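Just coords37.cif here, mmCIF, C-alpha atoms and all ligand atoms:
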data_start
#
loop_
_atom_site.label_atom_id
_atom_site.label_comp_id
_atom_site.auth_asym_id
_atom_site.auth_seq_id
_atom_site.Cartn_x
_atom_site.Cartn_y
_atom_site.Cartn_z
CA MET A 1 -14.58 -1.96 -3.58
CA HIS A 2 -16.11 1.15 -5.13
CA VAL A 3 -12.57 2.34 -5.88
CA ALA A 4 -12.08 -0.83 -7.97
CA ILE A 5 -15.39 -0.28 -9.81
CA LYS A 6 -14.46 3.35 -10.57
CA ASN A 7 -10.86 2.65 -11.63
CA HIS A 8 -11.85 -0.23 -13.92
CA GLU A 9 -14.51 2.05 -15.43
CA ASN A 10 -11.75 4.57 -16.24
CA GLY A 11 -9.27 1.92 -17.36
CA ALA A 12 -11.82 0.55 -19.83
CA LEU A 13 -11.35 3.82 -21.74
CA ASN A 14 -7.54 3.65 -21.65
CA PRO A 15 -6.15 1.72 -24.64
CA ASN A 16 -2.86 1.21 -22.74
CA ALA A 17 -4.47 -0.37 -19.68
CA GLN A 18 -3.44 -3.90 -18.67
CA PHE A 19 -6.89 -4.79 -17.32
CA GLY A 20 -8.87 -2.24 -19.34
CA MET A 21 -12.26 -3.75 -18.68
CA SER A 22 -15.11 -2.43 -16.53
CA ILE A 23 -16.36 -4.73 -13.79
CA PRO A 24 -19.82 -5.13 -15.43
CA ALA A 25 -18.01 -6.18 -18.64
CA TRP A 26 -15.92 -8.59 -16.58
CA MET A 27 -19.08 -10.11 -15.07
CA GLU A 28 -20.61 -10.55 -18.52
CA GLY A 29 -17.43 -12.28 -19.69
CA ARG A 30 -17.53 -14.70 -16.76
CA LYS A 31 -21.21 -15.47 -17.39
CA LYS A 32 -20.59 -16.15 -21.11
CA ALA A 33 -17.60 -18.37 -20.29
CA ALA A 34 -19.73 -20.39 -17.83
CA GLU A 35 -22.49 -20.77 -20.42
CA LYS A 36 -20.01 -21.94 -23.05
CA LYS A 37 -18.57 -24.57 -20.72
CA GLY A 38 -22.06 -25.72 -19.73
CA LYS A 39 -21.42 -24.71 -16.12
CA PRO A 40 -24.03 -22.98 -13.90
CA ILE A 41 -24.30 -19.32 -14.86
CA PRO A 42 -23.45 -16.98 -11.95
CA THR A 43 -26.41 -14.99 -10.64
CA TRP A 44 -24.73 -11.77 -9.47
CA GLN A 45 -27.30 -8.97 -9.24
CA ASN A 46 -24.73 -6.17 -9.38
CA GLU A 47 -21.03 -5.31 -9.06
CA MET A 48 -21.03 -5.55 -5.26
CA ASP A 49 -22.55 -9.02 -5.49
CA PHE A 50 -19.70 -10.06 -7.80
CA LEU A 51 -17.06 -8.42 -5.59
CA HIS A 52 -18.32 -10.26 -2.49
CA ASP A 53 -18.27 -13.65 -4.26
CA ASP A 54 -15.40 -15.73 -2.83
CA SER A 55 -14.94 -17.68 -6.06
CA ALA A 56 -15.04 -14.67 -8.42
CA ASN A 57 -13.12 -12.34 -6.13
CA PRO A 58 -11.03 -14.47 -3.75
CA MET A 59 -9.43 -13.18 -0.55
CA ILE A 60 -5.73 -12.23 -0.89
CA ALA A 61 -4.87 -10.63 2.47
CA TRP A 62 -7.94 -10.01 4.60
CA PRO A 63 -9.96 -7.86 4.09
CA LEU A 64 -8.40 -7.20 0.67
CA ARG A 65 -9.61 -9.37 -2.21
CA LEU A 66 -8.26 -9.86 -5.73
CA PHE A 67 -10.03 -6.77 -7.11
CA ASP A 68 -8.57 -4.65 -4.30
CA CYS A 69 -5.02 -5.36 -5.47
CA SER A 70 -3.09 -3.83 -8.37
CA PRO A 71 -1.52 -6.37 -10.75
CA ILE A 72 2.11 -7.14 -11.58
CA THR A 73 2.77 -5.35 -14.86
CA ASP A 74 5.38 -4.88 -17.56
CA GLY A 75 5.42 -1.32 -18.84
CA ALA A 76 7.44 1.76 -19.68
CA THR A 77 6.97 5.51 -19.53
CA ALA A 78 8.83 8.47 -20.99
CA VAL A 79 8.60 12.09 -19.90
CA LEU A 80 10.47 15.00 -21.50
CA LEU A 81 11.60 17.32 -18.72
CA VAL A 82 13.22 20.63 -19.72
CA ALA A 83 13.82 24.08 -18.22
CA ASP A 84 10.87 26.52 -18.37
CA GLU A 85 12.75 28.90 -20.69
CA ILE A 86 13.17 26.36 -23.50
CA ALA A 87 9.94 24.38 -23.06
CA LYS A 88 8.24 26.22 -25.95
CA GLN A 89 10.86 24.81 -28.33
CA PHE A 90 9.26 21.42 -27.81
CA THR A 91 5.55 22.17 -27.48
CA ASP A 92 3.19 25.15 -27.61
CA HIS A 93 1.44 23.95 -24.46
CA PRO A 94 3.96 22.76 -21.88
CA LEU A 95 2.98 21.95 -18.31
CA HIS A 96 4.90 23.57 -15.49
CA ILE A 97 5.88 21.71 -12.33
CA ILE A 98 5.23 24.34 -9.68
CA GLY A 99 5.46 22.21 -6.57
CA SER A 100 7.47 19.17 -5.58
CA GLY A 101 7.74 17.34 -2.27
CA GLN A 102 9.46 14.19 -1.06
CA ALA A 103 9.34 12.62 2.39
CA SER A 104 10.18 9.35 4.11
CA ASP A 105 8.91 7.48 7.14
CA VAL A 106 9.90 4.76 9.60
CA ALA A 107 9.30 1.04 8.96
CA LEU A 108 5.65 -0.06 8.79
CA HIS A 109 5.66 -1.84 12.17
CA ASP A 110 7.09 1.24 13.92
CA ARG A 111 4.22 3.56 12.96
CA ASP A 112 1.68 4.80 15.47
CA ASP A 113 -1.17 4.86 12.96
CA LEU A 114 -1.75 2.60 9.95
CA THR A 115 -4.64 4.66 8.56
CA THR A 116 -2.37 7.39 7.20
CA LEU A 117 1.04 7.65 5.50
CA GLY A 118 3.13 10.27 7.25
CA ALA A 119 5.43 10.47 4.22
CA ALA A 120 2.46 11.39 1.98
CA ARG A 121 1.30 14.07 4.40
CA ARG A 122 4.75 15.66 4.64
CA ALA A 123 5.50 15.39 0.89
CA SER A 124 2.18 16.99 -0.05
CA GLN A 125 2.53 19.80 2.49
CA GLU A 126 5.97 20.52 1.01
CA ALA A 127 4.57 20.53 -2.54
CA TYR A 128 1.56 22.72 -1.65
CA ALA A 129 3.84 25.22 0.11
CA MET A 130 6.21 25.42 -2.86
CA ALA A 131 3.33 25.85 -5.33
CA GLY A 132 1.41 28.26 -3.11
CA VAL A 133 -1.84 26.34 -3.62
CA LYS A 134 -4.29 24.45 -1.39
CA PRO A 135 -5.73 20.93 -1.74
CA ASP A 136 -9.07 22.44 -2.81
CA ASP A 137 -7.37 24.15 -5.78
CA ILE A 138 -6.33 20.81 -7.31
CA ARG A 139 -8.75 19.78 -10.08
CA LEU A 140 -7.42 16.32 -10.90
CA ALA A 141 -5.04 13.79 -9.33
CA GLU A 142 -3.35 10.49 -10.07
CA VAL A 143 -2.62 8.71 -6.79
CA HIS A 144 -0.80 5.48 -5.90
CA ASP A 145 -3.66 2.98 -5.67
CA CYS A 146 -1.49 -0.12 -5.25
CA PHE A 147 -4.51 -1.35 -3.26
CA THR A 148 -8.00 0.17 -3.18
CA ILE A 149 -7.49 1.25 0.45
CA ALA A 150 -4.29 3.05 -0.61
CA GLU A 151 -6.34 5.37 -2.87
CA VAL A 152 -8.72 6.12 0.01
CA VAL A 153 -5.84 6.89 2.39
CA ALA A 154 -4.00 8.93 -0.29
CA THR A 155 -6.97 11.22 -0.91
CA GLU A 156 -7.14 11.89 2.85
CA ASP A 157 -3.36 12.37 3.24
CA LEU A 158 -3.37 14.84 0.34
CA GLY A 159 -5.98 16.91 2.17
CA PHE A 160 -8.74 16.38 -0.43
CA PHE A 161 -11.06 14.78 2.13
CA GLU A 162 -11.28 14.63 5.93
CA PRO A 163 -9.65 11.56 7.57
CA GLY A 164 -12.18 8.73 7.72
CA THR A 165 -14.37 10.05 4.89
CA GLY A 166 -12.30 9.06 1.83
CA TYR A 167 -13.98 5.64 1.50
CA ARG A 168 -17.30 7.27 0.60
CA MET A 169 -15.95 9.37 -2.26
CA ALA A 170 -15.80 6.68 -4.96
CA GLU A 171 -19.25 5.38 -3.96
CA ASP A 172 -20.69 8.93 -4.08
CA ARG A 173 -18.88 9.47 -7.42
CA VAL A 174 -16.99 12.50 -6.11
CA THR A 175 -13.78 10.90 -7.47
CA ALA A 176 -15.36 9.71 -10.75
CA ARG A 177 -14.45 11.37 -14.06
CA ASP A 178 -17.52 13.59 -13.84
CA GLY A 179 -17.16 14.21 -10.09
CA ALA A 180 -15.83 17.25 -8.25
CA LYS A 181 -12.38 15.67 -7.73
CA PRO A 182 -11.56 13.09 -10.42
CA ILE A 183 -8.97 10.58 -9.16
CA ASN A 184 -7.05 8.10 -11.34
CA THR A 185 -8.75 8.83 -14.67
CA SER A 186 -6.09 6.60 -16.28
CA GLY A 187 -7.55 3.59 -14.47
CA GLY A 188 -4.87 3.90 -11.81
CA LEU A 189 -2.43 1.19 -10.84
CA LYS A 190 -5.48 -1.02 -10.31
CA SER A 191 -6.69 -1.14 -13.92
CA LYS A 192 -3.99 0.54 -16.01
CA GLY A 193 -1.38 -1.62 -14.25
CA HIS A 194 1.58 -1.20 -11.90
CA PRO A 195 4.95 -1.54 -13.68
CA VAL A 196 6.68 -0.45 -10.47
CA GLY A 197 9.56 1.59 -11.95
CA ALA A 198 7.31 3.23 -14.57
CA SER A 199 4.17 3.76 -12.44
CA GLY A 200 5.15 7.20 -11.12
CA ALA A 201 6.13 8.75 -14.45
CA GLY A 202 3.02 7.11 -15.95
CA GLN A 203 0.93 9.29 -13.64
CA ALA A 204 2.59 12.39 -15.12
CA VAL A 205 1.68 11.15 -18.62
CA GLU A 206 -2.03 10.93 -17.71
CA ILE A 207 -1.97 14.40 -16.11
CA PHE A 208 -0.22 15.77 -19.24
CA LYS A 209 -2.92 14.33 -21.52
CA GLN A 210 -5.84 15.42 -19.35
CA MET A 211 -4.61 18.99 -18.76
CA ARG A 212 -4.04 19.45 -22.51
CA GLY A 213 -7.41 17.97 -23.41
CA GLU A 214 -5.84 14.97 -25.16
CA ALA A 215 -7.21 12.10 -23.06
CA GLY A 216 -9.67 10.92 -25.71
CA GLU A 217 -12.73 9.04 -24.48
CA ARG A 218 -11.79 9.43 -20.83
CA GLN A 219 -11.19 13.21 -21.06
CA VAL A 220 -12.54 15.10 -18.05
CA ALA A 221 -15.09 17.59 -19.40
CA ARG A 222 -13.85 20.54 -17.36
CA ASP A 223 -10.96 22.97 -17.45
CA LEU A 224 -7.95 21.49 -15.60
CA PRO A 225 -5.40 24.23 -14.88
CA LEU A 226 -3.94 22.52 -11.75
CA ALA A 227 -3.29 18.83 -11.12
CA LEU A 228 -1.29 16.60 -8.80
CA THR A 229 0.50 13.24 -8.77
CA HIS A 230 1.22 11.17 -5.64
CA ASN A 231 3.57 8.19 -5.81
CA VAL A 232 4.52 5.87 -2.96
CA GLY A 233 7.47 3.54 -2.49
CA GLY A 234 7.70 0.46 -0.30
CA THR A 235 5.01 0.26 2.36
CA GLY A 236 4.82 4.04 2.52
CA GLY A 237 8.47 4.43 3.50
CA THR A 238 8.78 7.11 0.84
CA CYS A 239 6.38 9.38 -1.07
CA VAL A 240 6.77 11.93 -3.87
CA VAL A 241 4.15 14.56 -4.74
CA HIS A 242 4.21 16.90 -7.76
CA ILE A 243 1.87 19.76 -8.68
CA TYR A 244 1.41 20.72 -12.34
CA GLU A 245 0.13 23.98 -13.82
CA ARG A 246 -1.05 24.83 -17.32
CA ARG A 247 -0.49 28.48 -18.31
CA ASP A 248 -2.62 29.59 -21.24
CA MET B 1 31.00 -18.72 19.46
CA THR B 2 30.65 -14.96 19.34
CA THR B 3 29.79 -13.25 22.58
CA THR B 4 26.95 -10.76 22.85
CA ALA B 5 29.26 -7.78 23.10
CA GLU B 6 31.08 -8.61 19.89
CA ARG B 7 28.09 -9.09 17.61
CA PRO B 8 27.39 -6.17 15.27
CA PHE B 9 23.90 -4.62 15.31
CA THR B 10 22.78 -6.22 12.02
CA SER B 11 19.83 -8.29 10.84
CA ALA B 12 22.26 -11.24 10.55
CA SER B 13 22.98 -10.94 14.27
CA PHE B 14 19.26 -10.57 14.99
CA GLU B 15 18.59 -13.82 13.10
CA GLN B 16 21.51 -15.54 14.80
CA TYR B 17 19.89 -14.68 18.15
CA LEU B 18 16.52 -15.99 16.91
CA ASN B 19 18.27 -19.29 16.17
CA GLU B 20 19.32 -19.27 19.83
CA LYS B 21 15.68 -18.54 20.78
CA LYS B 22 16.43 -15.03 21.95
CA LEU B 23 14.56 -11.88 20.96
CA MET B 24 17.34 -9.30 20.93
CA GLY B 25 17.35 -5.61 20.02
CA SER B 26 19.53 -2.62 20.73
CA HIS B 27 19.29 -0.01 23.47
CA CYS B 28 20.60 3.54 23.22
CA THR B 29 22.51 4.39 26.38
CA THR B 30 22.33 8.11 25.56
CA CYS B 31 18.54 8.58 25.21
CA ASN B 32 17.32 5.27 26.69
CA LYS B 33 15.30 4.14 23.65
CA ASP B 34 15.00 0.50 22.53
CA PHE B 35 15.05 -0.74 18.94
CA LEU B 36 13.79 -3.99 17.46
CA PRO B 37 15.21 -5.25 15.12
CA PRO B 38 18.46 -3.69 16.39
CA ARG B 39 19.79 -0.42 15.02
CA ALA B 40 23.50 0.43 15.06
CA ILE B 41 22.89 4.20 15.10
CA CYS B 42 20.08 5.58 17.28
CA PRO B 43 17.30 6.93 15.00
CA ASN B 44 16.19 9.17 17.88
CA CYS B 45 19.37 11.00 19.00
CA HIS B 46 21.74 9.74 16.25
CA GLY B 47 24.17 8.52 18.91
CA ASP B 48 26.30 5.40 18.46
CA GLN B 49 26.46 4.24 22.09
CA LEU B 50 24.17 1.22 21.89
CA THR B 51 24.09 -2.09 23.75
CA TRP B 52 22.26 -5.36 23.16
CA ILE B 53 19.04 -5.87 25.10
CA GLU B 54 16.89 -9.00 25.42
CA PHE B 55 13.14 -8.50 25.25
CA SER B 56 10.65 -10.40 27.42
CA GLY B 57 8.70 -11.58 24.38
CA LYS B 58 5.38 -10.62 25.94
CA GLY B 59 3.09 -8.16 24.25
CA ARG B 60 -0.21 -7.42 22.57
CA LEU B 61 -1.59 -7.56 19.05
CA ALA B 62 -1.54 -4.07 17.49
CA ALA B 63 -2.56 -4.84 13.87
CA PHE B 64 -3.03 -7.93 11.70
CA THR B 65 -4.09 -9.44 8.40
CA SER B 66 -4.94 -12.95 7.29
CA ILE B 67 -2.88 -14.06 4.29
CA PHE B 68 -4.50 -16.36 1.71
CA ILE B 69 -2.01 -15.89 -1.14
CA ALA B 70 1.22 -16.82 0.56
CA PRO B 71 4.88 -16.23 -0.36
CA THR B 72 6.97 -19.27 -1.38
CA VAL B 73 8.51 -19.83 2.05
CA MET B 74 5.05 -20.06 3.65
CA ILE B 75 3.61 -22.24 0.85
CA ALA B 76 6.45 -24.66 1.67
CA GLU B 77 5.05 -24.74 5.22
CA GLY B 78 1.63 -25.75 3.91
CA TYR B 79 -0.02 -22.33 4.04
CA GLY B 80 -2.10 -20.88 1.20
CA ARG B 81 -5.61 -20.41 -0.18
CA GLU B 82 -7.05 -23.33 1.79
CA ASN B 83 -4.95 -22.73 4.88
CA PRO B 84 -4.44 -18.99 5.52
CA TYR B 85 -2.18 -17.65 8.27
CA LEU B 86 -2.16 -14.51 10.37
CA ALA B 87 0.58 -11.89 10.16
CA GLY B 88 0.57 -8.97 12.54
CA VAL B 89 2.31 -6.16 14.34
CA VAL B 90 2.98 -6.91 18.01
CA GLU B 91 3.51 -4.21 20.61
CA LEU B 92 5.84 -5.62 23.27
CA ASP B 93 5.49 -4.77 26.96
CA GLU B 94 8.73 -2.76 26.61
CA GLY B 95 6.89 -0.44 24.17
CA VAL B 96 8.57 -1.41 20.88
CA LYS B 97 6.75 -3.00 17.95
CA ILE B 98 7.67 -5.77 15.53
CA SER B 99 5.91 -7.70 12.79
CA ALA B 100 5.64 -11.49 12.96
CA GLN B 101 3.41 -14.48 12.31
CA ILE B 102 0.56 -14.81 14.84
CA LEU B 103 -0.31 -18.31 16.08
CA GLY B 104 -3.19 -19.76 18.05
CA LEU B 105 -6.04 -17.87 16.36
CA ASP B 106 -8.24 -18.97 13.46
CA ALA B 107 -6.96 -17.20 10.32
CA ARG B 108 -10.22 -18.12 8.54
CA LYS B 109 -12.15 -16.03 11.05
CA ALA B 110 -10.23 -12.75 10.81
CA GLU B 111 -13.38 -10.84 11.83
CA GLU B 112 -13.15 -12.45 15.26
CA VAL B 113 -9.49 -11.60 15.92
CA LYS B 114 -9.23 -8.93 18.63
CA ILE B 115 -6.72 -6.10 18.65
CA GLY B 116 -5.03 -6.08 22.06
CA ALA B 117 -4.98 -9.88 22.42
CA PRO B 118 -2.12 -10.88 24.78
CA LEU B 119 0.74 -12.67 23.01
CA LYS B 120 3.93 -14.50 23.86
CA VAL B 121 6.96 -15.02 21.61
CA GLU B 122 7.49 -18.39 19.90
CA PHE B 123 10.41 -19.46 17.72
CA VAL B 124 9.30 -21.50 14.72
CA GLU B 125 11.72 -23.79 12.89
CA ARG B 126 11.48 -23.17 9.15
CA GLY B 127 13.29 -24.70 6.16
CA GLU B 128 15.49 -27.78 5.92
CA GLY B 129 19.19 -28.63 6.02
CA GLU B 130 21.48 -25.63 5.68
CA SER B 131 18.61 -23.20 5.14
CA LYS B 132 16.97 -24.27 8.40
CA LYS B 133 16.45 -21.34 10.76
CA MET B 134 14.13 -19.94 13.39
CA ALA B 135 11.37 -17.59 12.38
CA LEU B 136 9.82 -15.11 14.79
CA ALA B 137 6.19 -15.72 15.77
CA PHE B 138 3.85 -14.88 18.63
CA ARG B 139 1.18 -17.11 20.12
CA VAL B 140 -2.00 -16.08 21.89
CA GLU B 141 -1.57 -16.65 25.64
ZN ZN C 301 19.45 7.70 21.34
#
Would you write out, as structure tokens, the structure that this file holds?
Amino acid sequence: MHVAIKNHENGALNPNAQFGMSIPAWMEGRKKAAEKKGKPIPTWQNEMDFLHDDSANPMIAWPLRLFDCSPITDGATAVLLVADEIAKQFTDHPLHIIGSGQASDVALHDRDDLTTLGAARRASQEAYAMAGVKPDDIRLAEVHDCFTIAEVVATEDLGFFEPGTGYRMAEDRVTARDGAKPINTSGGLKSKGHPVGASGAGQAVEIFKQMRGEAGERQVARDLPLALTHNVGGTGGTCVVHIYERRD
Amino acid sequence: MTTTAERPFTSASFEQYLNEKKLMGSHCTTCNKDFLPPRAICPNCHGDQLTWIEFSGKGRLAAFTSIFIAPTVMIAEGYGRENPYLAGVVELDEGVKISAQILGLDARKAEEVKIGAPLKVEFVERGEGESKKMALAFRVE
């Protein structure tokens, strides 16, 4: 649930987000609407109160509720990909893709462990090896948060956090914009939206803006020379990881 | 009527067997592994010497969720927000796993569902007229 709070907080600063509203703003909206209709005004004390309310945040597939699920979205993304040698013809500050990994896995029911995506582990190991960098070197990442739990699992599969500890990172603000490892500064699939075919390239767009210092209000206030994107297909049957470098 | 030996290892054949109330998969005669639903080429040794095998239909609950926002086919069966249903992964006694609807447990009390609960296969009639077919489910013993 803290992943939802954090990603909506980021998405509120993204003018292209589908649900670009923080959860406190959402709660205010619901209270005002109730007042206007002359209905009893909800008495949520805080975000967690709201997120545990069955009527405000109904169950979808236990234990995941509405605010744990990314929406169905229309959207498009464009990325200009050129060879290193000619990149400067298009921009003075290109980003370089220095690592790339792709892996697949067996069907969901055939897996031994549902708390990790083997495809994400293998794809990231491939990308780290190609780039010659370690998970700790990555300053910023956009990961496939189709559901809040998917962001938690992704940050563990990518080697950012130990297995079983990822859930604490949004709550402890480690993955917030001002944290040690900002995750999904765009708002993620959760708040920015999930236009399936465009979601992956959309992650590259956010990384491009952040690494060049062009992310506006949601700009991370630190130097970001290395970043990563992690995109998943199906129920984790396939995963693609890219590592980006800025060379000054 | 097609005999067992002649049926190709496809999901259509798998469904045809479900309609006959049989839980059928394929068995690799080279490396002795079983596959459910059936595979035509062995994912383990990549061999193509496979035969049909019928599973006992007994197993245990390996993972589950309780679905409140149901797909169309389940809404037609009366499931939904007010009447959730359980979907899970079942590990059969033969060692293979498959996903299916889980019956005989209260989907409103997901917290009380126990991993490892013993299950037995059940074939559920779904749809009407020409689209009528058997769906795979497991019921708590
Ligand atoms: Zn084999």
Around ligand ZN 301 (chain C), out to 7 Å and counting all atoms listed in the file, which residues are there? I want them as a CSV table (one decimal) with C-alpha atoms, in the frame of the given file.
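Once written, result-v1.csv looks like this:
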chain,number,residue,atom,x,y,z
B,28,CYS,CA,20.6,3.5,23.2
B,29,THR,CA,22.5,4.4,26.4
B,30,THR,CA,22.3,8.1,25.6
B,31,CYS,CA,18.5,8.6,25.2
B,32,ASN,CA,17.3,5.3,26.7
B,33,LYS,CA,15.3,4.1,23.6
B,42,CYS,CA,20.1,5.6,17.3
B,43,PRO,CA,17.3,6.9,15.0
B,44,ASN,CA,16.2,9.2,17.9
B,45,CYS,CA,19.4,11.0,19.0
B,46,HIS,CA,21.7,9.7,16.2
B,47,GLY,CA,24.2,8.5,18.9
Chain A contacts on chain B, only C-alpha atoms, 12 Å, as a PyMOL selection string: chain B and resi 34-37+43-44+61-71+80-92+95-100+107-111+113
Which neighbours of Leu228 of chain A fall inside 10 Å, counting only C-alpha atoms, when residues of the same chain fewer than 3 positions from it are skipped, and could you give them as a list in words?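 So, after excluding close chain neighbours, the residues are Ile97, Gly99, Ser100, Ser124, Ala127, Tyr128, Pro135, Ile138, Arg139, Leu140, Ala141, Glu142, Val143, Leu158, Ile183, Gln203, Ala204, Ile207, Val241, His242, Ile243, Tyr244 and Glu245 of chain A.
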List as a short mmCIF file (atom, residue, chain, number, x, y, z; two decimals) with C-alpha atoms, in the frame of the given file the protein and nucleic acid residues near Leu18 of chain B, meaning an atom at most 12 Å away when all atoms listed in the file are counted, but skip any in the same chain fewer than 6 places from it.
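Output file around00.cif follows:
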data_model
loop_
_atom_site.label_atom_id
_atom_site.label_comp_id
_atom_site.auth_asym_id
_atom_site.auth_seq_id
_atom_site.Cartn_x
_atom_site.Cartn_y
_atom_site.Cartn_z
CA SER B 11 19.83 -8.29 10.84
CA ALA B 12 22.26 -11.24 10.55
CA MET B 24 17.34 -9.30 20.93
CA GLY B 25 17.35 -5.61 20.02
CA PRO B 37 15.21 -5.25 15.12
CA GLU B 54 16.89 -9.00 25.42
CA PHE B 55 13.14 -8.50 25.25
CA GLY B 57 8.70 -11.58 24.38
CA VAL B 121 6.96 -15.02 21.61
CA GLU B 122 7.49 -18.39 19.90
CA PHE B 123 10.41 -19.46 17.72
CA VAL B 124 9.30 -21.50 14.72
CA GLU B 125 11.72 -23.79 12.89
CA ARG B 126 11.48 -23.17 9.15
CA LYS B 132 16.97 -24.27 8.40
CA LYS B 133 16.45 -21.34 10.76
CA MET B 134 14.13 -19.94 13.39
CA ALA B 135 11.37 -17.59 12.38
CA LEU B 136 9.82 -15.11 14.79
CA ALA B 137 6.19 -15.72 15.77
#
Do a neighbour search on Gly187 of chain A at 7 Å with all atoms listed in the file, toss out local chain neighbours closer than 6 positions, and write the hits as a ChimeraX atom specification. /A:7-8,10-11
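For the pair atom CA of Leu50 of chain B and atom CA of Ser26 of chain B, the separation is 6.1 Å.
Across the model, the gap from atom CA of Ala40 of chain B to atom CA of Ile53 of chain B is 12.7 Å.
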Using all atoms listed in the file, determine which residues lie at most 12 Å from Arg247 of chain A, disregarding the query and same-chain residues fewer than 5 positions distant; provide the list as a PyMOL selection string. chain A and resi 84+88+92-98+211-212+223-226
In Å to one decimal, how far is atom CA of Gln219 of chain A from atom CA of Arg177 of chain A?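 Atom-to-atom, atom CA of Arg177 of chain A to atom CA of Gln219 of chain A, that is 7.9 Å.
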Centre and edges of the segment 205-221 of chain A box, axis-aligned, 8 Å extra per side, as AutoDock Vina command-line options:
--center_x -6.7 --center_y 14.2 --center_z -20.9 --size_x 32.8 --size_y 26.4 --size_z 25.6
Identify which of the residues B:Val140, B:Ser131, B:Ala117, B:Ile75 lies closest to Leu105 of chain B, counting only C-alpha atoms when measuring atom-to-atom distances. B:Val140
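With all atoms listed in the file as the basis for measurement, A:Ala4 is the residue among A:Ala123, A:Ala4, A:Leu189, A:Met27 that approaches Tyr167 of chain A most closely.
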Using all atoms listed in the file, find the one residue out of B:Met74, B:Asp93, B:Leu103, B:Gly59 that sits nearest to Pro118 of chain B.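 With all atoms listed in the file as the atom set, the closest residue is B:Gly59.
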List as a PyMOL selection string: which residues have an atom within 9 Å of (-21.5, -10.0, -10.7), counting all atoms listed in the file? chain A and resi 23-24+26-28+30-31+42-53+56
So that I have them on file, write out the residues from the current selection with C-alpha atoms, as a JSON list (two decimals), in the coordinates of the input.
[["chain", "number", "residue", "atom", "x", "y", "z"],
["A", 23, "ILE", "CA", -16.36, -4.73, -13.79],
["A", 24, "PRO", "CA", -19.82, -5.13, -15.43],
["A", 26, "TRP", "CA", -15.92, -8.59, -16.58],
["A", 27, "MET", "CA", -19.08, -10.11, -15.07],
["A", 28, "GLU", "CA", -20.61, -10.55, -18.52],
["A", 30, "ARG", "CA", -17.53, -14.70, -16.76],
["A", 31, "LYS", "CA", -21.21, -15.47, -17.39],
["A", 42, "PRO", "CA", -23.45, -16.98, -11.95],
["A", 43, "THR", "CA", -26.41, -14.99, -10.64],
["A", 44, "TRP", "CA", -24.73, -11.77, -9.47],
["A", 45, "GLN", "CA", -27.30, -8.97, -9.24],
["A", 46, "ASN", "CA", -24.73, -6.17, -9.38],
["A", 47, "GLU", "CA", -21.03, -5.31, -9.06],
["A", 48, "MET", "CA", -21.03, -5.55, -5.26],
["A", 49, "ASP", "CA", -22.55, -9.02, -5.49],
["A", 50, "PHE", "CA", -19.70, -10.06, -7.80],
["A", 51, "LEU", "CA", -17.06, -8.42, -5.59],
["A", 52, "HIS", "CA", -18.32, -10.26, -2.49],
["A", 53, "ASP", "CA", -18.27, -13.65, -4.26],
["A", 56, "ALA", "CA", -15.04, -14.67, -8.42]]
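Applying the 7 Å criterion to (11.5, 7.5, 0.9) in file coordinates and using only C-alpha atoms, one obtains the residues Ala103, Ser104, Asp105, Gly233, Gly237, Thr238 and Cys239 of chain A.
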Pick from A:Ala227, A:Val232, A:Ala170, A:Met21 nearest to Ala131 of chain A, counting only C-alpha atoms: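 The shortest atom-to-atom distance to Ala131 of chain A comes from A:Ala227.
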I'd like the contact shell of segment 146-151 of chain A - 7 Å cut-off, all atoms listed in the file, skipping same-chain residues fewer than 5 positions apart - returned as an MDAnalysis selection string. chainID A and resid 1 3:4 68:70 189:190
